[in-house]
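Raw contents of coords.cif, mmCIF, C-alpha atoms:
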```
data_my_file
#
loop_
_atom_site.label_atom_id
_atom_site.label_comp_id
_atom_site.auth_asym_id
_atom_site.auth_seq_id
_atom_site.Cartn_x
_atom_site.Cartn_y
_atom_site.Cartn_z
CA MET A 1 84.94 14.01 118.45
CA LEU A 2 83.01 17.28 118.39
CA ASP A 3 80.60 17.61 121.32
CA LEU A 4 78.29 20.62 121.00
CA ASN A 5 76.70 19.73 124.34
CA ARG A 6 79.89 21.05 125.96
CA LEU A 7 79.25 24.61 124.75
CA ILE A 8 78.70 26.94 127.70
CA VAL A 9 78.77 30.64 126.82
CA TYR A 10 77.63 30.01 123.24
CA ARG A 11 75.09 27.39 124.17
CA ASN A 12 71.72 27.46 122.43
CA ILE A 13 72.93 29.50 119.47
CA PRO A 14 69.77 30.51 117.60
CA GLN A 15 69.09 29.03 114.16
CA SER A 16 71.91 26.52 114.62
CA GLU A 17 70.13 23.38 113.40
CA LEU A 18 72.44 23.34 110.39
CA MET A 19 75.48 23.33 112.67
CA TYR A 20 74.20 20.35 114.67
CA ASP A 21 73.41 18.39 111.49
CA MET A 22 76.85 19.09 110.02
CA VAL A 23 78.62 18.13 113.24
CA ALA A 24 76.68 14.85 113.36
CA LEU A 25 77.95 14.06 109.86
CA MET A 26 81.51 15.03 110.82
CA ASN A 27 81.48 12.79 113.89
CA ASP A 28 80.27 9.82 111.80
CA ALA A 29 82.69 10.40 108.92
CA ASP A 30 85.36 7.93 110.07
CA VAL A 31 82.82 5.14 110.34
CA TYR A 32 80.64 6.53 107.63
CA SER A 33 77.97 4.18 106.34
CA ASP A 34 77.28 5.16 102.76
CA THR A 35 73.50 5.15 103.13
CA ASP A 36 70.93 7.18 101.27
CA GLU A 37 69.83 8.74 104.56
CA ASN A 38 73.26 10.15 105.38
CA ARG A 39 73.86 11.23 101.80
CA ASP A 40 70.50 13.03 101.78
CA LYS A 41 71.37 14.78 105.06
CA LEU A 42 74.70 15.96 103.65
CA TYR A 43 73.12 17.34 100.48
CA CYS A 44 70.45 19.02 102.58
CA CYS A 45 73.19 20.78 104.59
CA ILE A 46 74.95 21.81 101.38
CA GLY A 47 71.70 23.26 100.06
CA ARG A 48 71.15 25.27 103.24
CA LEU A 49 74.69 26.67 103.06
CA VAL A 50 74.06 27.78 99.48
CA GLN A 51 70.79 29.38 100.55
CA LEU A 52 72.62 31.34 103.25
CA ALA A 53 75.17 32.46 100.67
CA GLY A 54 72.36 33.79 98.49
CA GLU A 55 70.73 35.63 101.39
CA TYR A 56 73.87 37.12 102.92
CA GLY A 57 76.24 37.33 99.96
CA PHE A 58 78.86 35.02 101.48
CA GLU A 59 81.81 33.79 99.45
CA GLY A 60 84.71 31.40 100.00
CA ASN A 61 84.32 28.67 102.62
CA LEU A 62 80.58 28.78 103.34
CA TRP A 63 80.92 26.50 106.37
CA GLN A 64 83.39 28.89 108.00
CA ASN A 65 81.26 31.88 106.95
CA TYR A 66 78.28 30.25 108.63
CA LEU A 67 80.13 29.58 111.90
CA THR A 68 81.41 33.17 111.91
CA TRP A 69 77.91 34.49 111.30
CA LEU A 70 76.64 32.50 114.28
CA MET A 71 79.32 33.89 116.60
CA VAL A 72 79.03 37.55 115.58
CA ASN A 73 75.26 37.35 116.11
CA HIS A 74 75.30 35.64 119.50
CA GLU A 75 74.68 38.02 122.40
CA ASN A 76 76.03 36.53 125.61
CA GLY A 77 77.92 37.63 128.70
CA PHE A 78 81.27 37.46 126.92
CA SER A 79 80.36 39.10 123.59
CA THR A 80 78.36 41.98 125.06
CA THR A 81 81.11 42.76 127.57
CA CYS A 82 83.70 42.74 124.79
CA GLU A 83 81.48 45.21 122.93
CA LEU A 84 81.67 47.63 125.87
CA LYS A 85 85.26 47.29 127.07
CA GLY A 86 87.16 44.49 125.35
CA ASP A 87 88.16 41.17 126.87
CA PRO A 88 86.45 40.94 130.29
CA GLU A 89 89.06 38.44 131.53
CA GLY A 90 88.02 36.50 134.62
CA THR A 91 85.88 33.36 134.56
CA ILE A 92 83.62 34.37 131.64
CA SER A 93 86.68 34.77 129.43
CA ARG A 94 88.04 31.35 130.39
CA LEU A 95 84.65 29.74 129.70
CA ALA A 96 84.53 31.44 126.29
CA GLU A 97 87.95 29.91 125.52
CA LEU A 98 86.48 26.45 126.11
CA ASP A 99 83.74 27.21 123.58
CA PHE A 100 86.23 28.63 121.09
CA ILE A 101 88.20 25.35 121.25
CA ILE A 102 85.11 23.63 119.85
CA PHE A 103 84.47 26.33 117.25
CA ARG A 104 88.09 26.24 116.10
CA GLN A 105 87.88 22.46 115.71
CA MET A 106 84.85 22.97 113.46
CA PHE A 107 86.72 25.65 111.51
CA LEU A 108 89.73 23.40 110.86
CA TYR A 109 87.83 20.19 110.21
CA ASP A 110 89.21 18.12 107.33
CA PHE A 111 86.30 17.37 104.98
CA LYS A 112 88.26 14.80 102.94
CA ARG A 113 86.06 11.85 103.96
CA LEU A 114 82.80 13.75 103.44
CA LYS A 115 83.97 15.09 100.07
CA ALA A 116 84.38 11.51 98.85
CA VAL A 117 80.67 10.91 99.43
CA CYS A 118 79.81 13.73 97.01
CA THR A 119 80.80 12.27 93.67
CA ASP A 120 79.70 15.47 91.95
CA ASN A 121 82.06 17.68 94.03
CA ALA A 122 79.13 19.59 95.58
CA LEU A 123 80.75 19.83 99.01
CA ASP A 124 84.05 20.97 97.53
CA MET A 125 82.21 23.75 95.68
CA VAL A 126 80.54 25.16 98.81
CA LEU A 127 83.91 25.16 100.58
CA ASN A 128 85.25 27.29 97.70
CA TYR A 129 82.12 29.22 96.78
CA LYS A 130 82.00 32.00 94.19
CA ARG A 131 78.97 34.26 94.46
CA SER A 132 77.17 35.32 91.31
CA ASP A 133 76.36 38.91 92.25
CA ASP A 134 77.82 41.67 94.40
CA ALA A 135 75.72 41.39 97.56
CA GLY A 136 73.07 39.36 99.32
CA LYS A 137 69.49 40.22 100.10
CA ILE A 138 69.96 40.84 103.83
CA PHE A 139 73.40 42.31 104.53
CA ASN A 140 74.89 45.21 102.69
CA LYS A 141 78.33 44.82 101.12
CA ARG A 142 80.14 46.34 104.08
CA ILE A 143 78.71 43.92 106.63
CA ARG A 144 79.11 40.93 104.31
CA ASP A 145 82.78 41.71 103.75
CA ARG A 146 83.41 42.08 107.48
CA ILE A 147 82.05 38.60 108.17
CA CYS A 148 83.88 36.99 105.24
CA SER A 149 87.13 38.69 106.25
CA LEU A 150 86.78 37.62 109.89
CA SER A 151 86.03 34.08 108.71
CA LYS A 152 89.36 33.90 106.84
CA THR A 153 91.22 35.44 109.77
CA LEU A 154 89.79 32.91 112.24
CA ALA A 155 90.64 30.03 109.92
CA ASN A 156 94.27 31.20 109.87
CA SER A 157 94.56 31.57 113.67
CA VAL A 158 97.53 29.62 115.06
CA ASN A 159 95.97 28.77 118.42
CA ILE A 160 92.87 29.23 120.55
CA TYR A 161 94.16 32.43 122.17
CA GLU A 162 94.64 34.10 118.81
CA PHE A 163 91.19 32.86 117.77
CA LYS A 164 89.66 34.45 120.87
CA GLY A 165 91.65 37.64 120.30
CA TYR A 166 90.21 38.06 116.82
CA MET A 167 86.66 37.58 118.09
CA THR A 168 87.23 40.00 120.98
CA GLU A 169 88.60 42.63 118.61
CA PHE A 170 85.62 42.24 116.27
CA TYR A 171 83.10 42.58 119.10
CA GLN A 172 84.82 45.67 120.45
CA THR A 173 85.16 47.32 117.04
CA PHE A 174 81.86 46.44 115.37
CA GLY A 175 79.64 45.16 118.16
CA VAL A 176 77.60 42.00 118.45
CA GLY A 177 74.21 40.82 117.24
CA LYS A 178 71.64 42.80 115.33
CA PHE A 179 72.85 46.17 116.65
CA GLY A 180 76.39 45.44 115.55
CA LEU A 181 75.45 44.40 112.02
CA HIS A 182 72.52 46.63 111.07
CA LYS A 183 71.92 50.37 110.81
CA ALA A 184 68.20 50.78 111.30
CA PHE A 185 65.40 49.00 113.12
CA ARG A 186 61.67 49.00 113.57
CA VAL A 187 59.49 47.86 116.46
CA VAL A 188 57.08 44.95 116.06
CA PRO A 189 55.17 42.90 118.66
CA ASP A 190 56.40 39.41 119.42
CA GLU A 191 54.11 36.42 119.91
CA ASN A 192 53.30 37.65 123.43
CA GLY A 193 52.58 41.19 122.30
CA LYS A 194 55.82 42.58 123.77
CA ALA A 195 57.73 45.15 121.72
CA GLN A 196 60.78 43.71 119.99
CA ILE A 197 63.36 45.55 117.90
CA VAL A 198 63.99 44.00 114.47
CA PRO A 199 66.41 45.10 111.72
CA ILE A 200 65.39 46.94 108.57
CA ASN A 201 67.39 45.34 105.78
CA ASN A 202 67.02 47.77 102.89
CA ILE A 203 68.02 51.33 103.73
CA ALA A 204 67.97 54.17 101.21
CA HIS A 205 71.58 55.27 100.59
CA VAL A 206 70.87 58.97 101.01
CA LYS A 207 73.72 61.42 101.57
CA LEU A 208 73.50 64.92 102.97
CA ASP A 209 74.98 66.25 99.74
CA ASP A 210 71.98 64.78 97.92
CA LEU A 211 69.82 67.34 99.73
CA ILE A 212 70.45 70.53 97.78
CA GLY A 213 70.29 73.71 99.82
CA TYR A 214 69.24 73.88 103.48
CA GLU A 215 72.88 74.22 104.55
CA THR A 216 72.02 75.92 107.85
CA ALA A 217 69.46 73.25 108.74
CA LYS A 218 71.85 70.41 107.85
CA LYS A 219 74.67 71.94 109.88
CA LYS A 220 72.44 72.33 112.91
CA LEU A 221 71.42 68.69 112.64
CA THR A 222 74.95 67.33 112.11
CA ASP A 223 76.42 69.49 114.90
CA ASN A 224 73.92 68.08 117.39
CA THR A 225 74.45 64.51 116.16
CA GLU A 226 78.25 64.77 116.31
CA ALA A 227 78.09 66.12 119.86
CA PHE A 228 75.87 63.15 120.77
CA LEU A 229 78.30 60.65 119.25
CA LYS A 230 81.24 62.23 121.10
CA GLY A 231 79.48 61.88 124.43
CA LYS A 232 78.88 65.60 124.80
CA ARG A 233 75.61 67.29 125.72
CA ALA A 234 73.07 66.98 122.89
CA ASN A 235 69.38 67.69 122.45
CA ASN A 236 66.36 65.91 121.08
CA CYS A 237 65.57 67.31 117.62
CA LEU A 238 62.34 68.34 115.94
CA LEU A 239 62.54 68.88 112.18
CA PHE A 240 59.43 70.76 111.09
CA GLY A 241 58.22 72.59 108.01
CA ASP A 242 56.64 72.13 104.62
CA ALA A 243 56.08 68.74 103.02
CA GLY A 244 58.72 67.40 100.66
CA THR A 245 61.54 69.62 101.87
CA GLY A 246 63.96 66.90 103.01
CA LYS A 247 63.20 66.40 106.71
CA SER A 248 63.03 62.61 106.53
CA SER A 249 65.86 62.42 103.99
CA SER A 250 68.11 64.35 106.39
CA ILE A 251 67.55 61.77 109.12
CA LYS A 252 68.36 58.91 106.71
CA ALA A 253 71.47 60.78 105.56
CA ILE A 254 72.93 61.22 109.05
CA LEU A 255 72.39 57.50 109.69
CA ASN A 256 74.42 56.62 106.61
CA LYS A 257 77.08 59.19 107.49
CA TYR A 258 77.59 58.20 111.13
CA PHE A 259 76.89 54.46 111.11
CA ASP A 260 80.58 53.62 111.45
CA ASP A 261 80.75 55.92 114.48
CA GLY A 262 78.22 53.76 116.30
CA LEU A 263 74.97 55.50 115.36
CA ARG A 264 71.82 53.39 115.11
CA ILE A 265 68.22 54.45 114.42
CA ILE A 266 65.00 52.85 115.63
CA GLU A 267 61.87 53.88 113.74
CA LEU A 268 58.79 54.26 115.91
CA TYR A 269 55.17 55.06 115.06
CA LYS A 270 52.99 57.12 117.33
CA HIS A 271 50.68 54.20 118.20
CA GLN A 272 53.79 52.51 119.65
CA LEU A 273 54.66 55.33 122.04
CA ARG A 274 53.29 53.38 124.99
CA ASP A 275 56.13 50.86 124.33
CA LEU A 276 58.81 53.56 124.45
CA SER A 277 59.96 52.73 127.98
CA ASP A 278 60.38 49.04 127.09
CA ILE A 279 62.35 49.93 123.95
CA ILE A 280 64.72 52.19 125.85
CA ALA A 281 65.25 49.47 128.46
CA GLN A 282 66.45 47.14 125.68
CA ILE A 283 69.08 49.56 124.36
CA LYS A 284 70.28 51.62 127.31
CA ASN A 285 73.21 49.35 128.19
CA ARG A 286 74.55 48.85 124.67
CA ASN A 287 77.72 50.40 123.27
CA TYR A 288 75.91 52.37 120.56
CA LYS A 289 74.22 55.73 120.22
CA PHE A 290 70.55 55.32 119.41
CA ILE A 291 68.22 57.80 117.76
CA ILE A 292 64.55 56.95 118.19
CA TYR A 293 63.03 58.35 115.02
CA MET A 294 59.40 59.34 114.55
CA ASP A 295 58.46 60.46 111.06
CA ASP A 296 55.57 62.80 110.30
CA LEU A 297 54.65 63.08 113.96
CA SER A 298 51.41 64.90 114.74
CA PHE A 299 48.45 64.47 117.06
CA GLU A 300 44.79 65.37 116.85
CA ASP A 301 42.87 66.74 119.83
CA PHE A 302 41.52 63.32 120.80
CA GLU A 303 44.88 61.54 120.67
CA VAL A 304 46.66 61.34 124.01
CA GLU A 305 49.66 59.14 123.12
CA TYR A 306 51.86 62.24 123.12
CA LYS A 307 51.78 62.19 126.93
CA TYR A 308 53.95 59.03 126.91
CA LEU A 309 56.49 60.90 124.78
CA LYS A 310 56.46 63.93 127.08
CA ALA A 311 57.22 61.78 130.11
CA ILE A 312 60.15 60.05 128.40
CA ILE A 313 61.73 63.19 126.97
CA GLU A 314 61.58 65.15 130.18
CA GLY A 315 59.48 64.70 133.26
CA GLY A 316 59.54 61.00 134.16
CA LEU A 317 61.25 59.76 137.29
CA GLU A 318 63.70 57.57 135.37
CA LYS A 319 66.51 59.47 133.71
CA LYS A 320 66.75 59.07 129.94
CA PRO A 321 69.94 57.15 129.08
CA GLN A 322 72.84 59.14 127.65
CA ASN A 323 73.00 56.91 124.58
CA VAL A 324 69.44 57.72 123.44
CA LEU A 325 68.04 60.77 121.65
CA ILE A 326 64.68 61.35 120.00
CA TYR A 327 64.46 62.86 116.52
CA ALA A 328 61.06 63.63 115.00
CA THR A 329 59.78 65.21 111.82
CA SER A 330 56.48 67.03 111.53
CA ASN A 331 54.63 69.44 109.29
CA ARG A 332 53.34 71.12 112.45
CA ARG A 333 55.58 73.39 114.49
CA HIS A 334 53.89 72.40 117.74
CA ILE A 335 53.08 68.80 116.68
CA ILE A 336 49.62 68.83 118.32
CA LYS A 337 46.68 70.29 116.42
CA GLU A 338 45.73 73.78 117.58
CA ASN A 339 42.37 75.53 117.11
CA PHE A 340 41.45 79.20 117.22
CA SER A 341 39.01 78.25 119.95
CA ASP A 342 42.00 77.47 122.16
CA ARG A 343 42.72 81.22 122.27
CA GLU A 344 39.17 82.55 122.57
CA ASP A 345 37.52 83.50 125.80
CA TRP A 346 34.21 81.86 124.86
CA SER A 347 35.70 78.46 124.13
CA GLY A 348 34.21 76.98 127.30
CA ASP A 349 37.57 76.13 128.86
CA VAL A 350 37.86 77.72 132.30
CA HIS A 351 41.66 77.58 132.16
CA LYS A 352 42.34 78.18 128.47
CA THR A 353 45.97 79.17 129.16
CA ASP A 354 46.57 75.77 130.70
CA THR A 355 45.08 74.12 127.61
CA MET A 356 47.43 76.04 125.36
CA GLN A 357 50.44 75.18 127.52
CA GLU A 358 49.47 71.50 127.46
CA LYS A 359 49.61 71.54 123.66
CA LEU A 360 52.80 73.60 123.38
CA SER A 361 54.75 71.71 126.03
CA LEU A 362 55.59 68.70 123.84
CA SER A 363 57.42 70.66 121.13
CA ALA A 364 59.14 72.72 123.83
CA ARG A 365 60.83 69.56 125.13
CA PHE A 366 62.76 69.18 121.88
CA GLY A 367 65.88 71.20 122.61
CA VAL A 368 66.72 71.72 118.93
CA THR A 369 64.07 72.73 116.41
CA ILE A 370 65.06 72.93 112.73
CA PHE A 371 62.89 74.57 110.08
CA PHE A 372 62.66 73.25 106.52
CA GLY A 373 60.74 75.74 104.40
CA ALA A 374 59.47 75.30 100.84
CA PRO A 375 61.94 76.73 98.30
CA ILE A 376 61.20 79.89 96.36
CA LYS A 377 61.12 79.66 92.57
CA LYS A 378 64.83 80.38 92.12
CA GLU A 379 65.80 77.77 94.75
CA TYR A 380 63.43 75.23 93.23
CA GLU A 381 64.99 75.73 89.80
CA GLN A 382 68.47 75.33 91.28
CA ILE A 383 67.40 72.02 92.83
CA VAL A 384 65.95 70.80 89.52
CA ALA A 385 69.07 71.82 87.59
CA ALA A 386 71.39 70.11 90.09
CA LEU A 387 69.34 66.90 90.16
CA ALA A 388 69.13 66.82 86.35
CA GLU A 389 72.89 67.22 86.03
CA ARG A 390 73.57 64.60 88.69
CA ASN A 391 71.30 62.08 86.96
CA GLY A 392 72.45 62.77 83.42
CA VAL A 393 69.23 64.29 82.08
CA ASN A 394 69.86 65.49 78.53
CA MET A 395 67.70 68.59 78.03
CA ASP A 396 68.21 72.25 77.23
CA ASN A 397 68.35 74.21 80.50
CA GLU A 398 65.66 76.73 79.54
CA ARG A 399 63.24 74.02 78.49
CA LEU A 400 64.14 71.98 81.59
CA LEU A 401 63.13 74.81 83.92
CA GLN A 402 59.95 75.55 81.96
CA GLU A 403 58.86 71.94 82.21
CA ALA A 404 59.85 71.82 85.88
CA ASN A 405 57.63 74.80 86.68
CA LYS A 406 54.72 73.23 84.81
CA TRP A 407 55.27 70.03 86.75
CA ALA A 408 55.22 71.91 90.06
CA LEU A 409 51.90 73.55 89.19
CA ASN A 410 50.29 70.16 88.64
CA HIS A 411 52.03 68.19 91.37
CA GLY A 412 51.68 69.91 94.70
CA GLY A 413 53.89 72.99 94.37
CA MET A 414 57.61 73.63 94.59
CA SER A 415 59.63 71.38 96.85
CA GLY A 416 62.64 69.12 96.76
CA ARG A 417 60.35 66.11 96.51
CA THR A 418 58.53 67.60 93.51
CA ALA A 419 61.87 68.32 91.84
CA GLN A 420 63.03 64.72 92.38
CA GLN A 421 59.75 63.34 91.04
CA PHE A 422 60.07 65.54 87.95
CA VAL A 423 63.62 64.35 87.27
CA ASP A 424 62.54 60.73 87.82
CA TYR A 425 59.78 61.29 85.25
CA LEU A 426 62.29 62.62 82.71
CA LEU A 427 64.61 59.67 83.31
CA GLY A 428 61.70 57.32 82.70
CA GLN A 429 61.00 58.99 79.37
CA GLN A 430 64.61 58.85 78.12
#
```
What would the structure in this file look like if it were written as structure tokens?
Amino acid sequence: MLDLNRLIVYRNIPQSELMYDMVALMNDADVYSDTDENRDKLYCCIGRLVQLAGEYGFEGNLWQNYLTWLMVNHENGFSTTCELKGDPEGTISRLAELDFIIFRQMFLYDFKRLKAVCTDNALDMVLNYKRSDDAGKIFNKRIRDRICSLSKTLANSVNIYEFKGYMTEFYQTFGVGKFGLHKAFRVVPDENGKAQIVPINNIAHVKLDDLIGYETAKKKLTDNTEAFLKGKRANNCLLFGDAGTGKSSSIKAILNKYFDDGLRIIELYKHQLRDLSDIIAQIKNRNYKFIIYMDDLSFEDFEVEYKYLKAIIEGGLEKKPQNVLIYATSNRRHIIKENFSDREDWSGDVHKTDTMQEKLSLSARFGVTIFFGAPIKKEYEQIVAALAERNGVNMDNERLLQEANKWALNHGGMSGRTAQQFVDYLLGQQ
């Protein structure tokens, strides 16, 4: 008899209503009363397993996939310790073994009696499920395959110690919960108004090679990021320059490049800067390297939120954790709006030098500043030609460049973004 009330470390697994309903059906299978109520409950569980398969792209034994998904998502004393240093041993490890006994029983359950209830073989089909497309809506292919592979491995474990060993290895290699399974996150308020970190499911698959040119800027960014990932000294980065030159794309590209090395990115908007301390508190003890990313960061004279950022970067009493860096993009070199009146004697400010230093001090706290300038005509044409070739645009080169220059005149000037928009236009016309 399966008794979920005996779970200790994995107690109160979130979103586990399906598990409790399935276990209730399993426990009643030997004395199963073939009633409409029980049959309806079983088909309801089957439908929910199929829904999960559609969302996450699972394949094979959906029941085992589901149990695996629950365990890899559950952050508890055992799983988070495994993430940091492997099997913690001691009492927490022994208690986890007791829970894994129950999970392994659910993994190896013989569904023969319940299959007989489904005269249309519905249960048999979800235990041998074939997905219709390549991936689900929530996980990317890489994460989906990790869970499905772990599910098969756990099902083939010969005893509880091997079962626990596979889970420990997964936690240590890939992590646990949302940070282990997802690349990027945003901050949203919970029902009490407290900042919570939630995954972003659809990430643009940008590569650094997709950004044509800017080799010096890209190297400066990757060098700093690699030092950060290796535990060496690294700086906060400010990417500034003209619009459409690839600042934001560069940040997305390094996330895709270094995700497997433990890099995660949390996107933050300037109105959320007052929550920055709470966000850092949630991630400082995790076995990942976090970049807090602020896109298109700039402040007007009347906006004072930048003072929260200054205190976090350098100046607050609490030391910034070694697993957190701040990367920002801006069209302004000094982020905060500057006026000529700031430099004039008649501006009315008794201490005008102090005013200037107040505005310049934020950008000065970014140890690495990287400039992305608008391309000259020759560079712009090289970008257009490379993008056209990469995307299979069939057009004479001379005509291509003529049309590209016309496009730039009518669409905001020469930039990598303008070049991409032009090529997208051509592809739409083919």
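For the structure in this document, the set picked by the PyMOL selection byres ((chain A and resi 382) around 12) is Leu211, Ile212, Gly213, Pro375, Ile376, Lys377, Lys378, Glu379, Tyr380, Glu381, Ile383, Val384, Ala385, Ala386, Leu387, Ala388, Glu389, Asn397, Leu400, Leu401, Ala404, Asn405, Met414, Ser415, Gly416, Ala419 and Gln420 of chain A.
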- Which residues match the PyMOL selection byres ((chain A and resi 230) around 12) in the file above, as a count of residues only? 19
- Task: Please evaluate the PyMOL selection byres ((chain A and resi 426) around 10) against the structure above and give the resulting residues as a ChimeraX atom specification.
- Result: /A:388,391,393-395,400,403,420-425,427-430
- Query: Quick one: residues within 12 Å of Tyr161 (chain A), only C-alpha atoms counted, chain neighbours fewer than 6 positions away excluded, as a ChimeraX atom specification?
  - Reply: /A:87,93-94,96-101,104,154,167-168
- Query: Distance CA of Thr369 (chain A)-CA of Lys220 (chain A), one decimal place?
  - Reply: 9.1 Å
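With CA of Ile279 (chain A) on one side and CA of Thr329 (chain A) on the other, the separation reads 19.7 Å.
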- Note on the structure: If you count all atoms listed in the file, the residue of A:Leu42, A:Ile13, A:Ile280, A:Leu108 closest to Asn76 (chain A) turns out to be A:Ile13
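Selecting by distance to (77.4, 23.2, 124.1) with a limit of 12 Å and using all atoms listed in the file, one obtains Leu2, Asp3, Leu4, Asn5, Arg6, Leu7, Ile8, Val9, Tyr10, Arg11, Asn12, Ile13, Ser16, Met19, Tyr20, Leu95, Ala96, Leu98, Asp99, Phe100, Ile101, Ile102 and Phe103 of chain A.
Between CA of Lys152 (chain A) and CA of Ala24 (chain A) there is a distance of 23.8 Å.
Taking all atoms listed in the file into account, Leu123 (chain A) lies nearest to A:Asn61 out of the set A:Ser330, A:Thr81, A:Asn61, A:Asn73.
Counting all atoms listed in the file and comparing A:Lys219, A:Arg131, A:Arg264, A:Arg113, the residue that lies closest to Arg186 (chain A) is A:Arg264.
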- Measuring atom to atom with only C-alpha atoms, identify which of A:Gly86, A:Gly175, A:Pro321, A:Gly367 is nearest to Asn235 (chain A). A:Gly367
- region 197-203 of chain A environment, 7 Å, only C-alpha atoms, sequence neighbours closer than 4 positions dropped, as JSON, numbers by chain: {"A": [138, 139, 178, 182, 184, 185, 186, 187, 188]}
- Within 10 Å of region 245-249 of chain A using all atoms listed in the file, minus same-chain residues under 4 positions, as number ranges by chain: A: 204-208, 210-214, 217-218, 238-241, 253-255, 293-296, 328-331, 370-375, 414-418
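Restricting the calculation to only C-alpha atoms, the smallest distance between Glu215 (chain A) and any of A:Thr91, A:Ser250, A:Asn256, A:Gln64 is found for A:Ser250.
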